[in-house]
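**Q** If it helps, the file is called upload.cif and holds mmCIF, C-alpha atoms:
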```
data_start
loop_
_atom_site.label_atom_id
_atom_site.label_comp_id
_atom_site.auth_asym_id
_atom_site.auth_seq_id
_atom_site.Cartn_x
_atom_site.Cartn_y
_atom_site.Cartn_z
CA MET A 169 25.34 4.24 -24.25
CA GLY A 170 24.14 0.77 -25.27
CA ALA A 171 24.26 -0.94 -28.63
CA ALA A 172 22.71 0.77 -31.63
CA SER A 173 19.76 -1.65 -31.45
CA ASP A 174 18.95 -0.26 -27.97
CA VAL A 175 18.29 3.20 -29.37
CA PRO A 176 14.52 3.67 -29.79
CA ALA A 177 13.01 4.75 -33.07
CA GLY A 178 13.34 8.50 -33.39
CA GLY A 179 16.66 8.57 -31.57
CA PRO A 180 17.66 8.88 -27.91
CA THR A 181 16.06 12.32 -27.54
CA ASN A 182 12.66 10.60 -27.57
CA VAL A 183 13.39 8.60 -24.39
CA LEU A 184 11.48 9.71 -21.27
CA PRO A 185 13.84 11.11 -18.63
CA ALA A 186 14.89 8.54 -16.04
CA SER A 187 16.99 10.71 -13.77
CA ARG A 188 16.60 10.46 -10.00
CA SER A 189 14.87 13.84 -9.84
CA SER A 190 12.36 12.79 -12.52
CA ARG A 191 11.56 9.59 -10.60
CA VAL A 192 11.19 11.52 -7.33
CA MET A 193 8.75 13.93 -9.02
CA LEU A 194 6.77 11.01 -10.42
CA ALA A 195 6.58 9.45 -6.93
CA VAL A 196 5.36 12.80 -5.56
CA VAL A 197 2.56 12.81 -8.15
CA ARG A 198 1.59 9.22 -7.26
CA VAL A 199 1.53 9.85 -3.50
CA THR A 200 -0.40 13.10 -3.95
CA VAL A 201 -3.06 11.34 -6.03
CA ALA A 202 -3.20 8.64 -3.32
CA LEU A 203 -3.72 11.33 -0.66
CA LEU A 204 -6.64 12.68 -2.70
CA TRP A 205 -8.41 9.31 -2.39
CA ILE A 206 -7.30 8.81 1.23
CA GLU A 207 -8.79 12.15 2.32
CA ASN A 208 -11.99 11.45 0.43
CA THR A 209 -12.67 8.26 2.36
CA SER A 210 -12.96 10.37 5.54
CA TRP A 211 -16.55 11.45 4.82
CA LYS A 212 -17.97 8.22 3.36
CA ARG A 213 -19.04 6.83 6.68
CA PRO A 214 -20.53 3.36 6.91
CA PRO A 215 -22.90 1.75 7.60
CA THR A 216 -25.54 4.21 6.23
CA PHE A 217 -23.39 6.59 4.11
CA ALA A 218 -25.98 9.31 5.01
CA HIS A 219 -28.72 7.37 3.21
CA LEU A 220 -32.05 9.30 3.22
CA SER A 221 -30.49 12.11 5.27
CA ASP A 222 -32.69 15.23 5.34
CA PRO A 223 -31.40 17.54 4.00
CA PRO A 224 -29.29 15.16 1.89
CA SER A 225 -25.63 15.10 2.87
CA GLY A 226 -22.42 13.16 2.32
CA LEU A 227 -22.26 10.45 -0.31
CA TYR A 228 -26.09 10.41 -0.55
CA LEU A 229 -26.14 14.07 -1.64
CA TRP A 230 -23.40 13.61 -4.23
CA THR A 231 -25.13 10.53 -5.62
CA LEU A 232 -28.46 12.39 -5.86
CA ASN A 233 -26.68 15.13 -7.82
CA GLY A 234 -26.28 12.67 -10.70
CA VAL A 235 -30.10 12.74 -11.05
CA ARG A 236 -30.87 16.31 -9.96
CA HIS A 237 -28.17 17.86 -12.14
CA GLU A 238 -28.06 15.36 -14.95
CA VAL A 239 -24.83 15.12 -16.93
CA PHE A 240 -25.43 12.00 -19.00
CA ALA A 241 -28.98 10.60 -19.34
CA PRO A 242 -28.09 6.85 -19.19
CA TRP A 243 -26.03 7.48 -16.05
CA ALA A 244 -28.87 9.42 -14.40
CA TRP A 245 -31.23 6.51 -15.20
CA PHE A 246 -28.71 4.03 -13.75
CA VAL A 247 -28.33 6.06 -10.54
CA GLU A 248 -32.10 6.49 -10.10
CA ASN A 249 -33.07 2.89 -10.85
CA VAL A 250 -30.10 0.82 -9.73
CA VAL A 251 -27.86 2.80 -7.35
CA LEU A 252 -30.37 4.64 -5.15
CA PRO A 253 -32.58 1.58 -4.44
CA ASN A 254 -29.41 -0.27 -3.34
CA PHE A 255 -27.65 2.72 -1.84
CA VAL A 256 -25.97 1.08 1.18
CA LEU A 257 -24.43 -1.65 -0.98
CA PHE A 258 -23.29 1.05 -3.42
CA GLY A 259 -21.80 3.01 -0.48
CA TRP A 260 -19.72 0.04 0.62
CA LEU A 261 -18.53 -0.51 -2.97
CA VAL A 262 -17.46 3.13 -3.26
CA LEU A 263 -15.63 2.97 0.09
CA ILE A 264 -13.84 -0.27 -0.89
CA VAL A 265 -12.84 1.04 -4.34
CA GLU A 266 -11.63 4.43 -3.07
CA ALA A 267 -9.82 2.93 -0.04
CA SER A 268 -8.07 0.49 -2.40
CA LEU A 269 -7.11 3.38 -4.70
CA GLY A 270 -5.63 5.33 -1.79
CA ALA A 271 -3.83 2.34 -0.30
CA PHE A 272 -2.32 0.83 -3.46
CA LEU A 273 -1.33 4.14 -5.09
CA LEU A 274 0.25 5.29 -1.80
CA VAL A 275 2.74 2.41 -1.77
CA GLY A 276 2.91 1.97 -5.55
CA LEU A 277 1.73 -1.63 -5.85
CA ALA A 278 -0.13 -2.76 -8.99
CA THR A 279 0.01 0.90 -9.93
CA ARG A 280 -1.04 0.68 -13.57
CA PHE A 281 -4.16 -1.28 -12.66
CA PHE A 282 -5.17 1.17 -9.94
CA ALA A 283 -4.42 4.15 -12.21
CA LEU A 284 -6.96 2.63 -14.60
CA VAL A 285 -9.46 2.09 -11.76
CA GLY A 286 -8.89 5.72 -10.75
CA MET A 287 -9.75 6.89 -14.27
CA VAL A 288 -12.97 4.85 -14.27
CA GLN A 289 -13.94 6.14 -10.82
CA THR A 290 -13.19 9.72 -11.90
CA VAL A 291 -15.53 9.34 -14.89
CA ALA A 292 -18.25 7.95 -12.57
CA ILE A 293 -17.82 10.96 -10.27
CA MET A 294 -17.87 13.33 -13.25
CA PHE A 295 -21.19 11.89 -14.43
CA SER A 296 -22.64 12.66 -10.99
CA VAL A 297 -21.29 16.10 -10.18
CA LEU A 298 -20.10 17.89 -13.32
CA ASN A 299 -23.29 20.00 -13.58
CA ALA A 300 -23.77 20.45 -9.82
CA PRO A 301 -23.64 24.07 -8.59
CA HIS A 302 -20.22 25.55 -7.79
CA GLU A 303 -18.26 22.64 -9.33
CA TRP A 304 -15.09 23.49 -11.27
CA PHE A 305 -15.15 21.03 -14.17
CA TRP A 306 -11.40 21.31 -14.73
CA ALA A 307 -10.84 19.67 -11.33
CA TYR A 308 -12.26 16.40 -12.69
CA PHE A 309 -10.43 16.64 -16.01
CA LEU A 310 -7.17 17.21 -14.11
CA MET A 311 -7.98 14.29 -11.81
CA PHE A 312 -8.49 12.08 -14.87
CA VAL A 313 -5.24 13.07 -16.56
CA ALA A 314 -3.28 12.69 -13.31
CA HIS A 315 -4.29 9.01 -13.31
CA LEU A 316 -3.56 8.84 -17.04
CA ALA A 317 -0.02 10.05 -16.31
CA LEU A 318 0.40 7.38 -13.59
CA LEU A 319 -0.77 4.73 -16.06
CA ALA A 320 1.39 5.96 -18.93
CA THR A 321 4.56 6.12 -16.83
CA ALA A 322 3.92 2.97 -14.75
CA ALA A 323 4.59 5.25 -11.81
CA GLY A 324 4.94 2.48 -9.22
CA ARG A 325 8.34 1.73 -10.74
CA ALA A 326 9.59 5.04 -9.35
CA TYR A 327 10.13 4.51 -5.60
CA GLY A 328 7.09 2.20 -5.35
CA VAL A 329 6.72 -1.40 -4.22
CA ASP A 330 6.37 -2.32 -7.91
CA ALA A 331 9.99 -1.25 -8.45
CA VAL A 332 11.18 -3.58 -5.68
CA LEU A 333 9.11 -6.64 -6.57
CA ARG A 334 9.14 -6.58 -10.40
CA PRO A 335 12.60 -8.21 -10.62
CA ARG A 336 11.24 -11.12 -8.55
CA TRP A 337 8.05 -11.40 -10.57
CA THR A 338 10.17 -11.38 -13.75
CA GLN A 339 12.14 -14.42 -12.57
CA ARG A 340 9.03 -16.49 -11.90
CA SER A 341 6.88 -17.86 -14.68
CA THR A 342 3.74 -18.37 -12.57
CA ALA A 343 0.39 -16.90 -13.61
CA PRO A 344 0.20 -14.50 -10.60
CA SER A 345 3.70 -13.19 -11.36
CA ARG A 346 2.82 -12.58 -15.01
CA LEU A 347 -0.38 -10.83 -13.94
CA LEU A 348 1.49 -8.64 -11.44
CA LEU A 349 4.03 -7.71 -14.12
CA THR A 350 1.19 -6.63 -16.39
CA VAL A 351 -0.63 -4.52 -13.78
CA SER A 352 2.51 -2.87 -12.38
CA MET B 151 22.37 -2.29 6.88
CA LEU B 152 19.79 -1.51 4.19
CA GLN B 153 21.83 -3.50 1.71
CA THR B 154 18.96 -4.90 -0.33
CA PRO B 155 16.06 -3.21 -2.14
CA LEU B 156 13.61 -5.05 0.14
CA SER B 157 15.32 -3.74 3.28
CA ARG B 158 15.35 -0.23 1.89
CA ALA B 159 11.68 -0.53 0.90
CA ALA B 160 10.70 -1.72 4.39
CA PHE B 161 12.67 1.11 6.00
CA GLY B 162 11.18 3.64 3.58
CA LEU B 163 7.62 2.46 4.21
CA GLY B 164 8.23 2.65 7.97
CA ALA B 165 9.68 6.16 7.63
CA GLY B 166 6.69 7.15 5.48
CA ALA B 167 4.28 5.79 8.09
CA ALA B 168 6.04 7.76 10.84
CA ALA B 169 6.02 10.92 8.73
CA SER B 170 2.32 10.49 7.90
CA VAL B 171 1.48 11.29 11.52
CA LEU B 172 2.22 14.90 10.50
CA LEU B 173 -0.92 14.76 8.33
CA SER B 174 -3.01 14.70 11.53
CA LEU B 175 -1.41 17.70 13.26
CA ALA B 176 -3.04 20.65 11.44
CA SER B 177 -6.31 21.96 12.85
CA GLY B 178 -8.27 21.57 9.61
CA PRO B 179 -8.17 21.13 5.82
CA PRO B 180 -6.29 21.27 3.55
CA LEU B 181 -3.31 20.16 5.65
CA ARG B 182 -5.23 17.91 8.05
CA LEU B 183 -5.79 14.84 5.90
CA ILE B 184 -6.22 12.18 8.58
CA SER B 185 -7.46 12.04 12.18
CA LEU B 186 -5.60 10.39 15.05
CA ASN B 187 -5.76 10.74 18.82
CA GLY B 188 -2.82 10.17 21.18
CA ILE B 189 -3.24 6.39 21.14
CA GLY B 190 -3.47 6.42 17.34
CA VAL B 191 -0.25 8.43 17.03
CA LEU B 192 1.51 6.04 19.44
CA ILE B 193 0.35 2.97 17.49
CA MET B 194 1.48 4.53 14.18
CA ILE B 195 4.92 5.39 15.59
CA VAL B 196 5.43 1.95 17.19
CA LEU B 197 4.42 0.07 14.01
CA ALA B 198 6.52 2.43 11.86
CA ALA B 199 9.54 1.86 14.14
CA LEU B 200 8.99 -1.91 13.90
CA ALA B 201 9.02 -1.71 10.07
CA MET B 202 12.13 0.49 10.06
CA LEU B 203 13.93 -1.86 12.47
CA GLY B 204 12.93 -4.83 10.31
CA GLY B 205 14.43 -3.06 7.31
CA LEU B 206 17.58 -2.07 9.18
CA ILE B 207 18.41 -5.55 10.42
CA GLY B 208 16.96 -7.30 7.37
CA LEU B 209 14.40 -9.34 9.35
CA ARG B 210 11.37 -9.81 7.11
CA LEU B 211 9.32 -11.39 9.93
CA LEU B 212 9.44 -8.04 11.73
CA VAL B 213 8.41 -6.24 8.55
CA ALA B 214 5.48 -8.62 8.04
CA LEU B 215 4.48 -8.20 11.70
CA ALA B 216 4.40 -4.43 11.27
CA GLY B 217 2.22 -4.96 8.18
CA LEU B 218 -0.14 -7.19 10.15
CA GLY B 219 -0.23 -4.57 12.91
CA PHE B 220 -1.29 -1.87 10.43
CA LEU B 221 -3.91 -4.23 8.99
CA ALA B 222 -5.36 -4.89 12.45
CA ALA B 223 -5.35 -1.17 13.25
CA ALA B 224 -7.14 -0.37 9.97
CA ALA B 225 -9.75 -3.04 10.70
CA LEU B 226 -10.26 -1.68 14.24
CA VAL B 227 -10.77 1.84 12.91
CA VAL B 228 -13.34 0.91 10.25
CA VAL B 229 -15.32 -1.42 12.53
CA GLN B 230 -15.54 1.09 15.39
CA TRP B 231 -16.07 4.07 13.04
CA ALA B 232 -18.97 2.29 11.33
CA ALA B 233 -20.49 1.18 14.64
CA ARG B 234 -20.31 4.37 16.70
CA GLY B 235 -18.42 7.14 14.92
CA THR B 236 -15.65 7.52 17.47
CA ASN B 237 -12.96 4.89 17.91
CA THR B 238 -9.98 3.90 20.04
CA LEU B 239 -7.42 5.38 17.61
CA GLY B 240 -9.43 8.54 16.87
CA GLY B 241 -9.51 7.70 13.16
CA THR B 242 -11.88 8.01 10.22
CA GLY B 243 -12.01 6.36 6.81
CA ALA B 244 -8.92 8.33 5.79
CA THR B 245 -6.94 6.89 8.71
CA MET B 246 -8.15 3.41 7.81
CA THR B 247 -7.09 3.87 4.16
CA LEU B 248 -3.66 5.20 5.09
CA MET B 249 -3.06 2.28 7.48
CA LEU B 250 -4.31 -0.16 4.85
CA GLY B 251 -1.74 1.23 2.42
CA PHE B 252 1.15 0.67 4.80
CA ALA B 253 -0.23 -2.78 5.67
CA ILE B 254 -0.34 -3.80 1.99
CA GLY B 255 3.12 -2.40 1.28
CA LEU B 256 4.80 -3.97 4.30
CA LEU B 257 3.08 -7.34 3.83
CA ALA B 258 4.10 -7.38 0.15
CA VAL B 259 7.71 -6.55 1.00
CA GLY B 260 7.85 -8.73 4.13
CA SER B 261 6.45 -11.81 2.43
CA VAL B 262 9.23 -12.02 -0.17
CA ARG B 263 12.45 -13.86 0.49
CA ASP B 264 15.38 -11.43 0.46
CA ARG B 265 17.81 -12.88 -2.05
CA PRO B 266 19.75 -11.36 -4.93
CA VAL B 267 17.98 -11.17 -8.29
CA GLU B 268 19.15 -10.22 -11.74
CA ASN B 269 18.44 -6.59 -12.50
CA ASN B 270 16.13 -7.02 -15.49
CA SER B 271 13.06 -5.17 -14.25
CA ALA B 272 12.87 -2.75 -17.19
CA ARG B 273 10.46 -4.92 -19.13
#
```
Re-express the file's structure as structure tokens.
**A**
Amino acid sequence: MGAASDVPAGGPTNVLPASRSSRVMLAVVRVTVALLWIENTSWKRPPTFAHLSDPPSGLYLWTLNGVRHEVFAPWAWFVENVVLPNFVLFGWLVLIVEASLGAFLLVGLATRFFALVGMVQTVAIMFSVLNAPHEWFWAYFLMFVAHLALLATAAGRAYGVDAVLRPRWTQRSTAPSRLLLTVS
Amino acid sequence: MLQTPLSRAAFGLGAGAAASVLLSLASGPPLRLISLNGIGVLIMIVLAALAMLGGLIGLRLLVALAGLGFLAAAALVVVQWAARGTNTLGGTGATMTLMLGFAIGLLAVGSVRDRPVENNSAR
């Protein structure tokens, strides 16, 4: 037990558990979320991303769903007028973002930043598919809160690369080190 | 052996890379998360062993080399996959992403000098 000043407001019972088993479980959550993104890059195939496929398939179909089964009018307008006319560029952006999510969350580097990116990407997906036939809306809400949990717990500090490198970043006072401390 | 956090991280990443080959063994979803052919499995195992050896003997050059190997393999997969669908390692975007993860992790760990630091990470 440390000094009295180390005890957080509300008493020690308010401290999140930091046992080895808790950290292992947190790492399991992080790696599982990473595997979600990893698996989902398997069907976003460049260079066309199924653009203008007939019948629509792959990323092209799921993007069209944002217009055909509108969830949020401004998003549907954005997809119809900005995304679809530049679909191949959009496809590459999606692949890069989702591959980065899978890669960085897998090893637990810059985890808080990528948890935030994952939440943003989940909202973008929700706006496209939430009203599509046979979709289970809870899947997307759960996906969002899984990233929220990674952000809230700074999950890369549990058996991630963040845990190994943060002591080094702490000792340096350079701008990149400060940035990495913030995003980890 | 494995006396520093960096060594343990390199060994752990290598072990994780070796174990991830299991994700390609099932015949279909949900357990088959990545695709690899025989050459792909061999490359994964060799690079994973290199990372584990680097961690075991504390040689960060070896760890960084394994990271570069994974980066090259990921680049090969995405270039060939985009160009013609099939590729030398039998991979898809998922394989590329997995390899990219191990590349980033090993390069991050292998590029840091292994010296003692004060334990004040809880900040």
**Q** Please identify all residues of chain B having at least one atom at most 8 Å from any atom of chain A, considering only C-alpha atoms, and return them as a list of chain:residue names.
**A**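 Residues of chain B within 8 Å of chain A, counting only C-alpha atoms: B:Pro155, B:Leu156, B:Ala159, B:Leu163, B:Leu183, B:Ile184, B:Trp231, B:Ala232, B:Ala233, B:Thr242, B:Gly243, B:Ala244, B:Thr245, B:Thr247, B:Leu248, B:Met249, B:Leu250, B:Gly251, B:Phe252, B:Ile254, B:Gly255, B:Ala258, B:Val259, B:Val267, B:Glu268, B:Asn269, B:Asn270, B:Ser271.
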**Q** Could you tell me which of B:Thr238, B:Ser177, B:Ser157, B:Ser170 comes closest to Ala223 of chain B if we count all atoms listed in the file?
**A**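 The answer is B:Thr238, which sits nearest to Ala223 of chain B.
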**Q** Please provide as a list in words all residues within 10 Å of Leu152 of chain B, with the sequence filter that same-chain residues fewer than 4 positions apart are discarded (counting only C-alpha atoms).
**A**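 The neighbour list is Leu156, Ser157, Arg158, Ala159, Ala160, Phe161, Met202, Gly204, Gly205, Leu206, Ile207 and Gly208 of chain B.
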**Q** Once you have the residues from the selection above, write them out as a compact mmCIF listing (two decimals), in the frame of the given file, restricted to C-alpha atoms.
**A**
```txt
# COMPACT_ATOMS: atom_id res chain seq x y z
CA LEU B 156 13.61 -5.05 0.14
CA SER B 157 15.32 -3.74 3.28
CA ARG B 158 15.35 -0.23 1.89
CA ALA B 159 11.68 -0.53 0.90
CA ALA B 160 10.70 -1.72 4.39
CA PHE B 161 12.67 1.11 6.00
CA MET B 202 12.13 0.49 10.06
CA GLY B 204 12.93 -4.83 10.31
CA GLY B 205 14.43 -3.06 7.31
CA LEU B 206 17.58 -2.07 9.18
CA ILE B 207 18.41 -5.55 10.42
CA GLY B 208 16.96 -7.30 7.37
```
**Q** Using the chain letters and numbers from the file, which residues does the PyMOL selection byres ((chain B and resi 192-200) around 9) grab, as a PyMOL selection string?
**A** chain B and resi 161+163-171+187-191+201-205+212-213+215-217+219-220+223+239+249
**Q** I need the residues from that last selection saved to file as an mmCIF file, in the frame of the given file (with C-alpha atoms), if you can.
**A**
```cif
data_model
loop_
_atom_site.group_PDB
_atom_site.id
_atom_site.type_symbol
_atom_site.label_atom_id
_atom_site.label_comp_id
_atom_site.auth_asym_id
_atom_site.auth_seq_id
_atom_site.Cartn_x
_atom_site.Cartn_y
_atom_site.Cartn_z
ATOM 1 C CA PHE B 161 12.670 1.110 6.000
ATOM 2 C CA LEU B 163 7.620 2.460 4.210
ATOM 3 C CA GLY B 164 8.230 2.650 7.970
ATOM 4 C CA ALA B 165 9.680 6.160 7.630
ATOM 5 C CA GLY B 166 6.690 7.150 5.480
ATOM 6 C CA ALA B 167 4.280 5.790 8.090
ATOM 7 C CA ALA B 168 6.040 7.760 10.840
ATOM 8 C CA ALA B 169 6.020 10.920 8.730
ATOM 9 C CA SER B 170 2.320 10.490 7.900
ATOM 10 C CA VAL B 171 1.480 11.290 11.520
ATOM 11 C CA ASN B 187 -5.760 10.740 18.820
ATOM 12 C CA GLY B 188 -2.820 10.170 21.180
ATOM 13 C CA ILE B 189 -3.240 6.390 21.140
ATOM 14 C CA GLY B 190 -3.470 6.420 17.340
ATOM 15 C CA VAL B 191 -0.250 8.430 17.030
ATOM 16 C CA ALA B 201 9.020 -1.710 10.070
ATOM 17 C CA MET B 202 12.130 0.490 10.060
ATOM 18 C CA LEU B 203 13.930 -1.860 12.470
ATOM 19 C CA GLY B 204 12.930 -4.830 10.310
ATOM 20 C CA GLY B 205 14.430 -3.060 7.310
ATOM 21 C CA LEU B 212 9.440 -8.040 11.730
ATOM 22 C CA VAL B 213 8.410 -6.240 8.550
ATOM 23 C CA LEU B 215 4.480 -8.200 11.700
ATOM 24 C CA ALA B 216 4.400 -4.430 11.270
ATOM 25 C CA GLY B 217 2.220 -4.960 8.180
ATOM 26 C CA GLY B 219 -0.230 -4.570 12.910
ATOM 27 C CA PHE B 220 -1.290 -1.870 10.430
ATOM 28 C CA ALA B 223 -5.350 -1.170 13.250
ATOM 29 C CA LEU B 239 -7.420 5.380 17.610
ATOM 30 C CA MET B 249 -3.060 2.280 7.480
#
```
**Q** With all atoms listed in the file as the basis for distance, which of A:Leu232, A:Val192, A:Val251, A:Val262 is at the shortest distance from Gly286 of chain A?
**A**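 Distance minimum relative to Gly286 of chain A lands on A:Val262.
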**Q** One number please: atom CA of Val239 of chain A to atom CA of Ser225 of chain A, in Å, one decimal.
**A**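 The value is 19.8 Å.
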**Q** Quick one, how far is atom CA of Val196 of chain A from atom CA of Ser261 of chain B?
**A**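 Separation of atom CA of Val196 of chain A and atom CA of Ser261 of chain B: 25.9 Å.
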**Q** By how many Å are atom CA of Leu227 of chain A and atom CA of Val247 of chain A apart?
**A**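 Result for atom CA of Leu227 of chain A versus atom CA of Val247 of chain A: 12.7 Å, one decimal.
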**Q** Once the PyMOL selection byres ((chain A and resi 301-307) around 12) is applied to the coordinates I shared, what remains selected? I want it as a short mmCIF file (atom, residue, chain, number, x, y, z; two decimals) with C-alpha atoms, in the frame of the given file.
**A**
```cif
data_model
loop_
_atom_site.label_atom_id
_atom_site.label_comp_id
_atom_site.auth_asym_id
_atom_site.auth_seq_id
_atom_site.Cartn_x
_atom_site.Cartn_y
_atom_site.Cartn_z
CA LEU A 204 -6.64 12.68 -2.70
CA TRP A 230 -23.40 13.61 -4.23
CA ASN A 233 -26.68 15.13 -7.82
CA GLY A 234 -26.28 12.67 -10.70
CA ARG A 236 -30.87 16.31 -9.96
CA HIS A 237 -28.17 17.86 -12.14
CA GLU A 238 -28.06 15.36 -14.95
CA VAL A 239 -24.83 15.12 -16.93
CA THR A 290 -13.19 9.72 -11.90
CA VAL A 291 -15.53 9.34 -14.89
CA ILE A 293 -17.82 10.96 -10.27
CA MET A 294 -17.87 13.33 -13.25
CA PHE A 295 -21.19 11.89 -14.43
CA SER A 296 -22.64 12.66 -10.99
CA VAL A 297 -21.29 16.10 -10.18
CA LEU A 298 -20.10 17.89 -13.32
CA ASN A 299 -23.29 20.00 -13.58
CA ALA A 300 -23.77 20.45 -9.82
CA TYR A 308 -12.26 16.40 -12.69
CA PHE A 309 -10.43 16.64 -16.01
CA LEU A 310 -7.17 17.21 -14.11
CA MET A 311 -7.98 14.29 -11.81
CA PHE A 312 -8.49 12.08 -14.87
CA VAL A 313 -5.24 13.07 -16.56
CA ALA A 314 -3.28 12.69 -13.31
#
```
**Q** Determine the nearest neighbour of Asp264 of chain B from the options B:Ala222, B:Val229, B:Leu209, B:Leu186, counting all atoms listed in the file.
**A**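 The closest residue to Asp264 of chain B is B:Leu209.
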